[in-house]
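Engineer: File query16.cif below, mmCIF, C-alpha atoms:
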```cif
data_coords
loop_
_atom_site.label_atom_id
_atom_site.label_comp_id
_atom_site.auth_asym_id
_atom_site.auth_seq_id
_atom_site.Cartn_x
_atom_site.Cartn_y
_atom_site.Cartn_z
CA VAL H 386 304.84 2.63 38.79
CA PRO H 387 302.32 0.76 36.64
CA GLU H 388 303.14 -0.08 33.04
CA ARG H 389 299.72 1.03 31.87
CA PRO H 390 299.09 4.76 32.34
CA THR H 391 296.61 5.45 35.15
CA LEU H 392 293.57 7.54 34.40
CA GLY H 393 294.54 11.24 34.49
CA ASN H 394 297.80 10.23 36.25
CA THR H 395 296.03 9.23 39.47
CA ASP H 396 297.76 7.11 42.09
CA TYR H 397 297.28 3.35 42.18
CA ALA H 398 298.64 2.47 45.63
CA PHE H 399 298.52 3.57 49.25
CA GLU H 400 300.86 2.99 52.14
CA MET H 401 300.17 2.59 55.88
CA ALA H 402 302.68 4.14 58.25
CA ILE H 403 302.09 4.43 61.99
CA SER H 404 304.18 4.65 65.12
CA ASN H 405 304.40 1.70 67.45
CA ILE H 406 301.89 2.31 70.21
CA ARG H 407 301.68 0.92 73.73
CA TYR H 408 298.51 1.27 75.81
CA GLY H 409 297.84 0.69 79.49
CA GLU H 410 297.11 2.43 82.78
CA GLY H 411 300.42 3.52 84.30
CA VAL H 412 302.49 2.43 81.29
CA THR H 413 304.45 5.71 81.48
CA LYS H 414 306.62 4.14 84.17
CA GLU H 415 308.28 2.00 81.46
CA ILE H 416 309.81 4.96 79.59
CA GLY H 417 313.07 4.89 81.56
CA MET H 418 313.53 1.24 80.57
CA ASP H 419 312.73 2.03 76.92
CA LEU H 420 315.44 4.70 76.87
CA GLN H 421 317.86 2.31 78.57
CA ASN H 422 317.05 -0.31 75.91
CA LEU H 423 317.77 2.30 73.22
CA GLY H 424 321.14 3.05 74.83
CA ALA H 425 320.15 6.73 75.15
CA ARG H 426 322.75 8.89 76.94
CA ARG H 427 321.39 12.43 76.42
CA VAL H 428 317.62 12.75 76.36
CA CYS H 429 315.54 15.84 75.63
CA VAL H 430 312.20 15.98 77.48
CA MET H 431 309.77 18.48 75.91
CA THR H 432 306.58 19.82 77.46
CA ASP H 433 304.80 23.11 78.13
CA LYS H 434 304.78 25.35 81.22
CA ASN H 435 301.33 24.21 82.46
CA LEU H 436 302.06 20.51 82.12
CA SER H 437 305.51 20.74 83.69
CA LYS H 438 303.78 20.95 87.09
CA LEU H 439 301.23 18.17 86.48
CA PRO H 440 301.24 14.39 87.13
CA PRO H 441 302.02 13.22 83.53
CA VAL H 442 305.40 15.02 83.45
CA ASN H 443 306.12 13.87 87.02
CA ALA H 444 305.49 10.27 86.00
CA VAL H 445 307.95 10.58 83.10
CA LEU H 446 310.65 12.26 85.21
CA ASN H 447 310.27 9.66 87.98
CA SER H 448 310.81 6.88 85.45
CA LEU H 449 313.89 8.61 83.99
CA ALA H 450 315.33 9.11 87.48
CA LYS H 451 314.65 5.50 88.49
CA TYR H 452 316.60 4.18 85.49
CA GLY H 453 319.40 6.74 85.70
CA ILE H 454 318.62 8.47 82.39
CA ASN H 455 320.50 11.72 81.82
CA PHE H 456 318.07 14.33 80.45
CA GLN H 457 317.50 18.02 79.83
CA MET H 458 314.06 19.55 80.07
CA TYR H 459 312.55 22.03 77.57
CA ASP H 460 309.23 23.36 78.93
CA ASN H 461 308.90 26.36 76.66
CA VAL H 462 306.57 24.81 74.08
CA ARG H 463 303.82 27.21 73.00
CA VAL H 464 300.22 25.98 72.96
CA GLU H 465 299.30 26.32 69.25
CA PRO H 466 302.97 26.67 68.15
CA THR H 467 304.32 29.31 65.74
CA ASP H 468 307.29 29.22 63.38
CA GLN H 469 309.23 31.17 66.05
CA SER H 470 308.32 28.76 68.86
CA PHE H 471 309.40 25.84 66.62
CA LEU H 472 312.69 27.64 65.90
CA ASP H 473 313.34 28.18 69.63
CA ALA H 474 312.86 24.46 70.31
CA ILE H 475 315.02 23.55 67.29
CA GLN H 476 317.79 25.78 68.65
CA PHE H 477 317.61 24.00 72.02
CA ALA H 478 317.74 20.59 70.31
CA LYS H 479 320.72 21.52 68.12
CA LYS H 480 322.67 22.78 71.14
CA GLY H 481 321.85 19.74 73.26
CA GLU H 482 323.08 17.12 70.75
CA PHE H 483 320.50 14.67 72.08
CA ASP H 484 320.32 11.02 71.11
CA ALA H 485 316.62 10.59 72.02
CA TYR H 486 313.52 12.72 72.65
CA VAL H 487 310.47 12.40 74.90
CA ALA H 488 307.44 14.63 74.20
CA VAL H 489 304.89 14.89 77.03
CA GLY H 490 301.77 16.86 76.14
CA GLY H 491 299.10 17.48 73.55
CA GLY H 492 299.58 17.96 69.82
CA SER H 493 301.47 21.24 70.33
CA VAL H 494 304.22 19.51 72.34
CA MET H 495 304.45 16.41 70.14
CA ASP H 496 304.57 18.48 66.94
CA THR H 497 307.22 20.83 68.34
CA CYS H 498 309.35 17.86 69.37
CA LYS H 499 309.04 16.26 65.90
CA ALA H 500 310.27 19.49 64.30
CA ALA H 501 313.14 19.83 66.80
CA ASN H 502 314.23 16.24 66.10
CA LEU H 503 314.05 16.78 62.33
CA TYR H 504 316.07 20.00 62.11
CA ALA H 505 318.63 18.90 64.72
CA ALA H 506 319.22 15.83 62.51
CA SER H 507 319.51 18.04 59.42
CA PRO H 508 321.43 21.07 60.73
CA SER H 509 322.27 22.57 57.35
CA SER H 510 318.61 22.68 56.22
CA GLU H 511 316.72 25.96 55.98
CA PHE H 512 313.48 26.03 58.00
CA LEU H 513 311.25 26.19 54.89
CA ASP H 514 312.96 23.21 53.23
CA TYR H 515 310.63 20.68 54.86
CA VAL H 516 307.54 22.88 55.30
CA ASN H 517 304.60 21.86 53.09
CA ALA H 518 304.36 23.42 49.65
CA PRO H 519 303.25 25.95 48.48
CA ILE H 520 304.36 27.82 51.64
CA GLY H 521 307.62 25.88 51.97
CA LYS H 522 309.60 23.64 49.63
CA GLY H 523 308.09 20.36 50.87
CA LYS H 524 311.34 18.42 50.38
CA PRO H 525 311.30 14.70 51.23
CA VAL H 526 313.13 13.82 54.48
CA THR H 527 316.14 11.62 53.75
CA VAL H 528 318.18 12.10 56.98
CA PRO H 529 317.93 9.56 59.84
CA LEU H 530 316.19 10.98 62.94
CA LYS H 531 316.72 10.11 66.61
CA PRO H 532 314.18 7.98 68.49
CA LEU H 533 311.19 9.99 69.78
CA ILE H 534 308.80 8.68 72.44
CA ALA H 535 305.49 10.59 72.48
CA VAL H 536 303.31 10.66 75.59
CA PRO H 537 299.94 12.26 74.75
CA THR H 538 298.14 13.99 77.63
CA THR H 539 295.08 15.02 75.61
CA SER H 540 292.68 12.88 73.60
CA GLY H 541 292.65 14.72 70.32
CA THR H 542 295.44 15.12 67.83
CA GLY H 543 296.55 11.51 67.54
CA SER H 544 299.96 13.12 66.95
CA GLU H 545 301.65 10.16 68.68
CA THR H 546 300.83 8.06 65.60
CA THR H 547 301.43 10.52 62.73
CA GLY H 548 304.22 12.11 60.73
CA VAL H 549 302.67 15.58 60.82
CA ALA H 550 303.74 18.73 62.73
CA ILE H 551 301.51 21.84 62.51
CA PHE H 552 302.41 25.45 63.35
CA ASP H 553 301.25 29.05 62.80
CA PHE H 554 303.30 30.82 60.14
CA LYS H 555 303.11 34.32 61.59
CA GLU H 556 304.19 36.26 58.51
CA LEU H 557 301.25 34.92 56.48
CA LYS H 558 298.90 34.58 59.49
CA VAL H 559 298.17 31.03 58.47
CA LYS H 560 298.75 27.56 59.84
CA THR H 561 300.85 25.12 57.86
CA GLY H 562 303.16 22.27 58.79
CA ILE H 563 305.58 19.51 57.94
CA ALA H 564 304.23 16.16 56.74
CA SER H 565 306.52 13.17 56.34
CA ARG H 566 306.43 9.56 57.50
CA ALA H 567 310.04 10.07 58.60
CA ILE H 568 309.10 12.33 61.53
CA LYS H 569 306.52 10.06 63.16
CA PRO H 570 307.37 9.06 66.75
CA THR H 571 309.19 5.78 67.35
CA LEU H 572 306.72 4.91 70.10
CA GLY H 573 303.47 6.40 71.37
CA ILE H 574 302.79 5.78 75.08
CA ILE H 575 299.02 5.90 75.55
CA ASP H 576 298.45 6.05 79.29
CA PRO H 577 294.81 6.81 80.16
CA LEU H 578 295.82 8.05 83.64
CA HIS H 579 297.09 11.22 81.95
CA THR H 580 293.61 12.19 80.78
CA LEU H 581 292.36 12.53 84.35
CA SER H 582 294.09 15.91 84.78
CA MET H 583 292.35 17.42 81.69
CA PRO H 584 289.77 20.19 82.34
CA GLU H 585 286.31 19.97 80.75
CA ARG H 586 286.78 22.30 77.74
CA ILE H 587 290.13 20.75 76.84
CA VAL H 588 288.42 17.33 76.81
CA ALA H 589 285.68 18.78 74.60
CA ASN H 590 287.91 20.59 72.11
CA SER H 591 290.38 17.74 71.78
CA GLY H 592 287.45 15.34 71.32
CA PHE H 593 286.13 17.48 68.46
CA ASP H 594 289.49 17.00 66.73
CA VAL H 595 289.02 13.21 66.97
CA LEU H 596 285.48 13.59 65.60
CA CYS H 597 286.66 15.59 62.56
CA HIS H 598 289.72 13.39 61.96
CA ALA H 599 287.39 10.41 61.69
CA LEU H 600 284.73 12.15 59.56
CA GLU H 601 287.18 13.82 57.19
CA SER H 602 289.41 10.81 56.61
CA TYR H 603 286.35 8.58 55.97
CA THR H 604 284.87 11.04 53.44
CA ALA H 605 288.18 12.09 51.81
CA LEU H 606 288.90 11.66 48.11
CA PRO H 607 289.72 7.96 47.51
CA TYR H 608 293.47 7.24 47.23
CA ASN H 609 293.15 6.00 43.64
CA GLU H 610 291.53 9.28 42.53
CA ARG H 611 294.32 11.46 43.96
CA SER H 612 296.86 12.82 41.52
CA PRO H 613 299.65 13.04 40.59
CA CYS H 614 300.89 9.49 40.83
CA PRO H 615 304.41 9.81 42.31
CA ALA H 616 307.33 8.89 40.08
CA ASN H 617 309.14 7.59 43.19
CA PRO H 618 307.52 6.15 46.36
CA ILE H 619 309.44 8.65 48.54
CA ASP H 620 307.27 11.37 46.95
CA ARG H 621 303.96 9.70 47.88
CA PRO H 622 302.42 12.11 50.40
CA ALA H 623 301.65 11.16 54.00
CA TYR H 624 298.01 12.11 53.29
CA GLN H 625 296.95 9.83 50.46
CA GLY H 626 293.13 9.84 50.45
CA SER H 627 290.59 7.46 51.94
CA ASN H 628 291.57 3.81 51.67
CA PRO H 629 290.29 0.47 52.98
CA VAL H 630 292.64 0.36 55.99
CA SER H 631 292.13 3.94 57.15
CA ASP H 632 288.36 3.50 56.77
CA VAL H 633 288.36 0.78 59.45
CA TRP H 634 290.14 3.02 61.97
CA ALA H 635 288.05 6.11 61.14
CA LEU H 636 284.72 4.33 61.58
CA HIS H 637 285.80 2.69 64.81
CA ALA H 638 287.01 6.03 66.20
CA LEU H 639 283.66 7.60 65.24
CA ARG H 640 281.75 4.89 67.14
CA VAL H 641 283.88 5.46 70.25
CA VAL H 642 283.33 9.24 70.03
CA ALA H 643 279.56 8.73 69.71
CA LYS H 644 279.53 6.51 72.79
CA TYR H 645 282.03 8.20 75.10
CA LEU H 646 282.79 11.86 74.27
CA LYS H 647 279.81 13.40 76.08
CA ARG H 648 280.49 11.22 79.13
CA ALA H 649 284.21 12.13 79.15
CA ILE H 650 283.37 15.85 79.06
CA ARG H 651 280.60 15.80 81.66
CA ASP H 652 282.26 13.61 84.30
CA PRO H 653 286.02 13.96 84.89
CA GLU H 654 285.85 10.87 87.13
CA ASP H 655 284.45 8.66 84.34
CA ARG H 656 287.64 6.70 83.80
CA GLU H 657 286.08 4.34 81.25
CA ALA H 658 284.98 7.24 79.02
CA ARG H 659 288.30 9.09 79.31
CA ALA H 660 290.35 5.94 78.64
CA ASN H 661 288.26 5.13 75.57
CA MET H 662 288.58 8.67 74.19
CA HIS H 663 292.36 8.44 74.68
CA LEU H 664 292.40 5.30 72.52
CA ALA H 665 289.96 6.83 70.00
CA SER H 666 292.43 9.65 69.46
CA ALA H 667 295.07 7.11 68.40
CA PHE H 668 292.55 5.15 66.27
CA ALA H 669 291.57 8.30 64.38
CA GLY H 670 295.26 9.25 64.14
CA ILE H 671 296.06 5.97 62.38
CA GLY H 672 293.17 6.63 59.99
CA PHE H 673 293.79 10.27 59.12
CA GLY H 674 297.58 9.98 59.40
CA ASN H 675 297.44 7.97 56.18
CA ALA H 676 294.18 9.05 54.53
CA GLY H 677 294.45 12.74 55.43
CA VAL H 678 291.81 15.30 56.32
CA HIS H 679 290.12 17.87 54.09
CA LEU H 680 288.03 21.03 54.36
CA CYS H 681 287.30 21.30 58.10
CA HIS H 682 291.04 21.24 58.71
CA GLY H 683 291.98 23.36 55.68
CA MET H 684 289.55 26.07 56.80
CA SER H 685 290.52 25.76 60.48
CA TYR H 686 294.07 26.98 59.91
CA PRO H 687 293.14 30.61 59.13
CA ILE H 688 290.45 30.49 61.85
CA SER H 689 293.25 29.81 64.35
CA GLY H 690 295.83 31.98 62.60
CA LEU H 691 293.72 35.16 62.39
CA VAL H 692 292.41 35.00 65.98
CA LYS H 693 291.78 38.46 67.48
CA THR H 694 290.92 38.44 71.17
CA TYR H 695 289.29 35.06 71.84
CA LYS H 696 290.52 33.27 74.97
CA PRO H 697 288.91 29.91 75.65
CA LYS H 698 287.74 28.74 79.07
CA ASP H 699 290.06 26.23 80.85
CA TYR H 700 293.15 27.17 78.80
CA ASN H 701 295.83 28.81 80.95
CA VAL H 702 297.53 30.91 78.23
CA ASP H 703 298.75 34.50 77.96
CA HIS H 704 297.81 34.91 74.28
CA SER H 705 294.56 34.82 72.29
CA LEU H 706 293.92 31.45 70.75
CA VAL H 707 291.21 29.34 69.15
CA PRO H 708 291.86 25.74 70.26
CA HIS H 709 292.53 23.55 67.25
CA GLY H 710 289.59 21.17 67.81
CA LEU H 711 287.18 24.10 68.13
CA SER H 712 288.49 25.79 64.95
CA VAL H 713 287.94 22.51 63.10
CA VAL H 714 284.49 21.58 64.34
CA LEU H 715 282.79 24.97 63.87
CA THR H 716 282.75 24.55 60.07
CA SER H 717 281.81 20.85 60.14
CA PRO H 718 278.02 21.20 59.59
CA ALA H 719 278.57 23.44 56.53
CA VAL H 720 281.44 21.34 55.17
CA PHE H 721 279.66 17.98 55.28
CA ALA H 722 276.47 19.44 53.83
CA PHE H 723 278.72 20.57 50.93
CA THR H 724 280.81 17.39 50.43
CA ALA H 725 277.90 14.93 50.72
CA GLN H 726 277.09 15.26 47.02
CA ILE H 727 280.00 12.86 46.57
CA HIS H 728 279.68 9.52 48.42
CA PRO H 729 276.42 10.48 50.18
CA GLU H 730 276.18 6.94 51.58
CA ARG H 731 279.33 7.53 53.67
CA HIS H 732 277.91 10.77 55.06
CA LEU H 733 274.63 9.01 55.94
CA GLU H 734 276.51 6.16 57.63
CA ALA H 735 278.44 8.70 59.74
CA ALA H 736 275.18 10.46 60.72
CA GLU H 737 273.71 7.13 61.85
CA ILE H 738 276.78 6.33 63.99
CA LEU H 739 276.40 9.76 65.62
CA GLY H 740 272.78 9.02 66.54
CA ALA H 741 270.61 10.02 63.56
CA ASP H 742 267.59 7.87 62.73
CA ILE H 743 268.07 7.18 59.01
CA ARG H 744 265.32 4.57 58.51
CA THR H 745 263.26 6.85 56.27
CA ALA H 746 266.16 9.04 55.06
CA ARG H 747 266.64 9.78 51.37
CA ILE H 748 270.21 9.39 50.16
CA LYS H 749 270.13 12.86 48.57
CA ASP H 750 269.53 14.39 52.02
CA ALA H 751 272.66 12.77 53.52
CA GLY H 752 274.56 16.07 53.88
CA LEU H 753 271.72 17.90 55.61
CA ILE H 754 271.12 14.96 57.95
CA LEU H 755 274.80 14.80 58.95
CA ALA H 756 274.94 18.61 59.35
CA ASP H 757 271.87 18.60 61.62
CA THR H 758 273.27 15.68 63.64
CA LEU H 759 276.53 17.58 64.17
CA ARG H 760 274.69 20.78 65.17
CA LYS H 761 272.68 18.91 67.77
CA PHE H 762 275.84 17.21 69.07
CA LEU H 763 277.61 20.58 69.44
CA PHE H 764 274.58 22.30 70.96
CA ASP H 765 274.32 19.57 73.62
CA LEU H 766 277.95 20.27 74.54
CA ASN H 767 277.60 24.09 74.86
CA VAL H 768 279.87 24.85 71.91
CA ASP H 769 280.20 28.53 70.88
CA ASP H 770 277.54 29.49 68.34
CA GLY H 771 279.68 29.58 65.21
CA LEU H 772 282.54 31.79 64.04
CA ALA H 773 280.68 34.96 65.10
CA ALA H 774 280.86 33.81 68.73
CA ILE H 775 284.67 33.61 68.62
CA GLY H 776 285.11 37.08 67.14
CA TYR H 777 284.67 36.81 63.36
CA SER H 778 282.23 38.66 61.11
CA LYS H 779 281.33 38.65 57.40
CA ALA H 780 284.02 41.29 56.86
CA ASP H 781 286.65 38.66 57.76
CA ILE H 782 285.55 36.14 55.13
CA PRO H 783 287.95 37.29 52.35
CA ALA H 784 290.93 36.94 54.73
CA LEU H 785 289.72 33.52 55.92
CA VAL H 786 289.38 32.34 52.30
CA LYS H 787 292.84 33.72 51.46
CA GLY H 788 294.27 31.75 54.39
CA THR H 789 292.59 28.54 53.23
CA LEU H 790 293.89 28.67 49.64
CA PRO H 791 297.51 27.64 50.45
CA GLN H 792 296.26 24.56 52.36
CA GLU H 793 296.27 22.43 49.21
CA ARG H 794 297.80 19.46 51.02
CA VAL H 795 294.40 18.97 52.66
CA THR H 796 291.85 20.93 50.59
CA LYS H 797 292.69 18.84 47.51
CA LEU H 798 291.60 15.77 49.47
CA SER H 799 288.04 17.08 49.66
CA PRO H 800 285.87 14.67 47.66
CA ARG H 801 284.21 17.72 46.06
CA PRO H 802 286.47 20.39 44.51
CA GLN H 803 285.79 23.92 45.75
CA THR H 804 286.11 27.41 44.31
CA GLU H 805 286.88 30.59 46.26
CA GLU H 806 283.14 31.35 46.11
CA ASP H 807 282.37 27.95 47.64
CA LEU H 808 284.81 28.63 50.48
CA SER H 809 283.24 32.07 51.10
CA ALA H 810 279.81 30.44 51.29
CA LEU H 811 281.09 27.78 53.73
CA PHE H 812 282.61 30.41 56.04
CA GLU H 813 279.41 32.45 55.86
CA ALA H 814 277.29 29.39 56.70
CA SER H 815 279.56 28.73 59.70
CA MET H 816 279.15 32.22 61.25
CA LYS H 817 276.14 30.95 63.22
CA LEU H 818 275.35 27.30 63.96
CA TYR H 819 272.11 27.19 65.90
#
```
Could you quickly redo this structure as C-alpha cells?
Structural biologist:
Amino acid sequence: VPERPTLGNTDYAFEMAISNIRYGEGVTKEIGMDLQNLGARRVCVMTDKNLSKLPPVNAVLNSLAKYGINFQMYDNVRVEPTDQSFLDAIQFAKKGEFDAYVAVGGGSVMDTCKAANLYAASPSSEFLDYVNAPIGKGKPVTVPLKPLIAVPTTSGTGSETTGVAIFDFKELKVKTGIASRAIKPTLGIIDPLHTLSMPERIVANSGFDVLCHALESYTALPYNERSPCPANPIDRPAYQGSNPVSDVWALHALRVVAKYLKRAIRDPEDREARANMHLASAFAGIGFGNAGVHLCHGMSYPISGLVKTYKPKDYNVDHSLVPHGLSVVLTSPAVFAFTAQIHPERHLEAAEILGADIRTARIKDAGLILADTLRKFLFDLNVDDGLAAIGYSKADIPALVKGTLPQERVTKLSPRPQTEEDLSALFEASMKLY
C-alpha cells in the first residue's frame, strides 16, 4: 500500500486474473487427456437437462470414455440458477468427493459448477459466507479448490474466464453472486463447434451479454478512482474498474460483435460468425472479469429476479425466465445516455464501432448517439420493445429499484453515481425502446 495517502483512499493498482483458455475446432476431444494429466480419479461432469442430449456433452463424454476417466454426471443445473439450485449441486459435489470438475454449458452451468467446487472445498462454510456483500458476508476465499475445466456452449457470459458465479436469491427476489479470483476455472475449452447447436434467440441473447460486458467494462469507473484502497491485496475485488488491459479486450470484443453478431443470429450455418462470437465472449470475459460491469448488469438482476410470466422463444424451460442477456440489454440505451456525461469520448468511440457516423457529432451528444445506435441495433434484431414487452409496468418500478440497490458490487462501478430517483427514471425510460 503506498506510503503517500491516495486521494480519498482510492486504489492505486489493478490486477489481471484470467483462466487459461484453449481455442480450436474439435478441441473438446482433448479433455480426457487433460484430466489424465491432472491425475484425476473422480470427476464431476455438470450440465443441464437440455444439453445432456446434445453434441457438446457427447463430445466430452466420448473423450472421458476414451481415456478411461471415472466420472459422475450431474445434469440438474437450472437455467438461470437460484440459491436452491446451487445448494442442490453443492450437495452432490460434497457427497461425490470429486478431485476435478468439468462444466459443459452456458453461464448457468459454469457458475453452478464454480459454486459446487467452492463449497465442497470448504465444507464447514455457511452458504452466505462467500456471497457478495451486502446480501452475504463476501469473505475472501482462502481454501484451495479442485481443478475445473469449463466448456462453454453459448457465446455470452465469458464465464470460462472469470471468477464470478451469479444466482437468483429467491427470498429477496434478486440476483446476486460470488466473486473471487479463486473460483475461476483452471482451463476454458473454447470449441466453436459447440455453437452450431444454439438456436437463434439463444445466440441473440447471449450475444447481447457480450455487447454489454464490453460496453460496461470500457465505460466503468477507472480503477484508480475506485475506493476503498484495500489494506491487503486479498481484499482487492475481482471487479476493479476500467483499466488499460481490460480496455484492450473490451474494445476488441465490441468490434467483433459489430461485425459478426447479426450474421451469427441470422444464419446458423455461418461458422465464421459463430466461431468469432464464441471468441468474443471470452475476450469480453477477460475485460469485464477484471474491470467489472455497472448499471446494465446491476439493473438486470431484479429484471430477471422479479419475472412474472415471460417465457422466451427457443428456451426449453418449465419456468418463467428473462434470459440474462436480454435483461441486460433492454436498459442499455437509457443507461449509456445517462453515464455518457462522464468520459463522453469513450461512449462516442463505442457508438462509432457499432456503426454510427460520428464525423459531425458533438461530444456532448455522445450518450444520445450511443443510445440511438443501440436502439437501431436491437430493432434490427427483433428484440422485445422494452421492459413493458416482457411483462413490466410503471407500477413495478419501485420493486425494480429496490432490487438494484443491493447490487453495489457493480452499481458503484458506474462512472456516474446514481440516486434512487435516477434509477427510477432509467427503468421508466426502458419500458419502451422504439
Engineer: Within 7 Å of stretch 687-702 of chain H, counting all atoms listed in the file, which residues qualify if same-chain residues fewer than 2 places away don't, as number ranges by chain?
Structural biologist: H: 553, 558-560, 584, 586-587, 684-685, 704-707, 709, 712, 775-776, 785, 788-789
Engineer: For the structure provided, state which residues fall under the PyMOL selection byres ((chain H and resi 526-532) around 12), and present them as a VMD selection string.
Structural biologist: chain H and resid 404 to 405 419 to 420 422 to 425 427 to 429 478 482 to 488 498 to 510 514 to 517 522 to 525 533 to 535 548 563 to 573 619 to 620 622 to 623
Engineer: Could you tell me which residues the PyMOL selection byres ((chain H and resi 643) around 10) returns for this structure, as a PDB file with C-alpha atoms, in the frame of the given file?
Structural biologist:
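To be explicit, this is the file written out as result-v1.pdb:
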```pdb
ATOM      1  CA  LEU H 596     285.480  13.590  65.600  1.00  0.00           C
ATOM      2  CA  HIS H 637     285.800   2.690  64.810  1.00  0.00           C
ATOM      3  CA  ALA H 638     287.010   6.030  66.200  1.00  0.00           C
ATOM      4  CA  LEU H 639     283.660   7.600  65.240  1.00  0.00           C
ATOM      5  CA  ARG H 640     281.750   4.890  67.140  1.00  0.00           C
ATOM      6  CA  VAL H 641     283.880   5.460  70.250  1.00  0.00           C
ATOM      7  CA  VAL H 642     283.330   9.240  70.030  1.00  0.00           C
ATOM      8  CA  LYS H 644     279.530   6.510  72.790  1.00  0.00           C
ATOM      9  CA  TYR H 645     282.030   8.200  75.100  1.00  0.00           C
ATOM     10  CA  LEU H 646     282.790  11.860  74.270  1.00  0.00           C
ATOM     11  CA  LYS H 647     279.810  13.400  76.080  1.00  0.00           C
ATOM     12  CA  ARG H 648     280.490  11.220  79.130  1.00  0.00           C
ATOM     13  CA  GLU H 737     273.710   7.130  61.850  1.00  0.00           C
ATOM     14  CA  ILE H 738     276.780   6.330  63.990  1.00  0.00           C
ATOM     15  CA  LEU H 739     276.400   9.760  65.620  1.00  0.00           C
ATOM     16  CA  GLY H 740     272.780   9.020  66.540  1.00  0.00           C
ATOM     17  CA  PHE H 762     275.840  17.210  69.070  1.00  0.00           C
TER      18      PHE H 762
END
```
Engineer: Once the PyMOL selection byres ((chain H and resi 445-456) around 7) has been evaluated on this model, what residues remain selected, and can you format them as a PyMOL selection string?
Structural biologist: chain H and resi 413-418+426-430+441-444+457-458
Engineer: Just give me the gap between atom CA of H:Phe593 and atom CA of H:Ser666 in Å, one decimal is fine.
Structural biologist: 10.1 Å
Engineer: Which residues, written as a list in words, have at least one atom at most 10 Å from H:Gln625, with only C-alpha atoms counted and residues fewer than 2 positions away on the same chain left out?
Structural biologist: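 In the requested form, the answer reads Asp396, Ala398, Phe399, Glu400, Met401, Ser602, Ala605, Leu606, Pro607, Tyr608, Asn609, Glu610, Arg611, Ser612, Arg621, Pro622, Ala623, Ser627, Asn628, Phe673, Gly674, Asn675, Ala676, Gly677, Val678, Arg794, Val795 and Leu798 of chain H.
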Engineer: Hey, which of H:Arg651, H:Lys479, H:Phe668, H:Val549 ends up closest to H:Val633? Count only C-alpha atoms.
Structural biologist: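 Answer, going by the shortest atom-to-atom distance: H:Phe668.
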Engineer: Atom CA of H:Leu711 and atom CA of H:Glu654, how far apart in Å?
Structural biologist: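 Taking atom CA of H:Glu654 and atom CA of H:Leu711, their separation equals 23.2 Å.
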Engineer: Taking all atoms listed in the file into account, which of H:Ala751, H:Tyr459, H:Val713, H:Ala741 comes nearest H:Gln726?
Structural biologist: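 Closest candidate: H:Ala751.
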Engineer: Which residue gives the smallest distance to H:Phe721 among H:Tyr624, H:Tyr603, H:Phe764, H:Tyr819, with all atoms listed in the file counted?
Structural biologist: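 The shortest atom-to-atom distance to H:Phe721 comes from H:Tyr603.
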Engineer: Rounded to one decimal, what separation in Å do you get between atom CA of H:Gly710 and atom CA of H:Gly491?
Structural biologist: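 Separation of atom CA of H:Gly710 and atom CA of H:Gly491: 11.7 Å.
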Engineer: Once you count all atoms listed in the file, which residues end up no further than 12 Å from (289.6, 31.0, 52.5) in the file's frame, shown as a count of residues only?
Structural biologist: 37
Engineer: What's the 9 Å shell around H:Ser493, counting only C-alpha atoms, without same-chain residues fewer than 6 positions away, as an mmCIF file with C-alpha atoms, in the frame of the given file?
Structural biologist:
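The result, stored in out07.cif:
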```cif
data_model
loop_
_atom_site.group_PDB
_atom_site.id
_atom_site.type_symbol
_atom_site.label_atom_id
_atom_site.label_comp_id
_atom_site.auth_asym_id
_atom_site.auth_seq_id
_atom_site.Cartn_x
_atom_site.Cartn_y
_atom_site.Cartn_z
ATOM 1 C CA THR H 432 306.580 19.820 77.460
ATOM 2 C CA ASP H 433 304.800 23.110 78.130
ATOM 3 C CA VAL H 462 306.570 24.810 74.080
ATOM 4 C CA ARG H 463 303.820 27.210 73.000
ATOM 5 C CA VAL H 464 300.220 25.980 72.960
ATOM 6 C CA GLU H 465 299.300 26.320 69.250
ATOM 7 C CA PRO H 466 302.970 26.670 68.150
ATOM 8 C CA THR H 542 295.440 15.120 67.830
ATOM 9 C CA SER H 544 299.960 13.120 66.950
ATOM 10 C CA ALA H 550 303.740 18.730 62.730
ATOM 11 C CA ILE H 551 301.510 21.840 62.510
ATOM 12 C CA PHE H 552 302.410 25.450 63.350
#
```
Engineer: Would you please work out which residue, of H:Ala649, H:Glu734, H:Leu759, H:Thr716, is nearest to H:Lys817 when using only C-alpha atoms?
Structural biologist: H:Thr716
Engineer: Mind giving me the axis-aligned box for stretch 541-552 of chain H with 6 Å on every side, centre plus edges in Å to one decimal, as AutoDock Vina command-line options?
Structural biologist:
```
--center_x 298.4 --center_y 16.8 --center_z 65.5 --size_x 23.6 --size_y 29.4 --size_z 21.6
```
Engineer: Rank H:Ala660, H:Ala616, H:Ser437, H:Ser540 by their smallest atom-to-atom distance to H:Gly411, using all atoms listed in the file, and report the top residue only.
Structural biologist: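 That would be H:Ala660, the residue with the smallest distance to H:Gly411.
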Engineer: Please fill the gaps in stretch 671-677 of chain H so it has N, CA and C atoms, and write that as a compact mmCIF listing (two decimals), keeping the file's coordinate frame.
Structural biologist:
```
# COMPACT_ATOMS: atom_id res chain seq x y z
N ILE H 671 295.60 6.98 63.35
CA ILE H 671 296.06 5.97 62.38
C ILE H 671 295.29 6.14 61.07
N GLY H 672 293.99 6.42 61.19
CA GLY H 672 293.17 6.63 59.99
C GLY H 672 293.58 7.86 59.22
N PHE H 673 293.53 9.04 59.88
CA PHE H 673 293.79 10.27 59.12
C PHE H 673 295.27 10.45 58.83
N GLY H 674 296.15 9.83 59.64
CA GLY H 674 297.58 9.98 59.40
C GLY H 674 297.99 9.41 58.05
N ASN H 675 297.15 8.55 57.49
CA ASN H 675 297.44 7.97 56.18
C ASN H 675 296.44 8.40 55.11
N ALA H 676 295.18 8.61 55.51
CA ALA H 676 294.18 9.05 54.53
C ALA H 676 294.22 10.56 54.35
N GLY H 677 294.47 11.28 55.47
CA GLY H 677 294.45 12.74 55.43
C GLY H 677 293.10 13.28 55.87
```
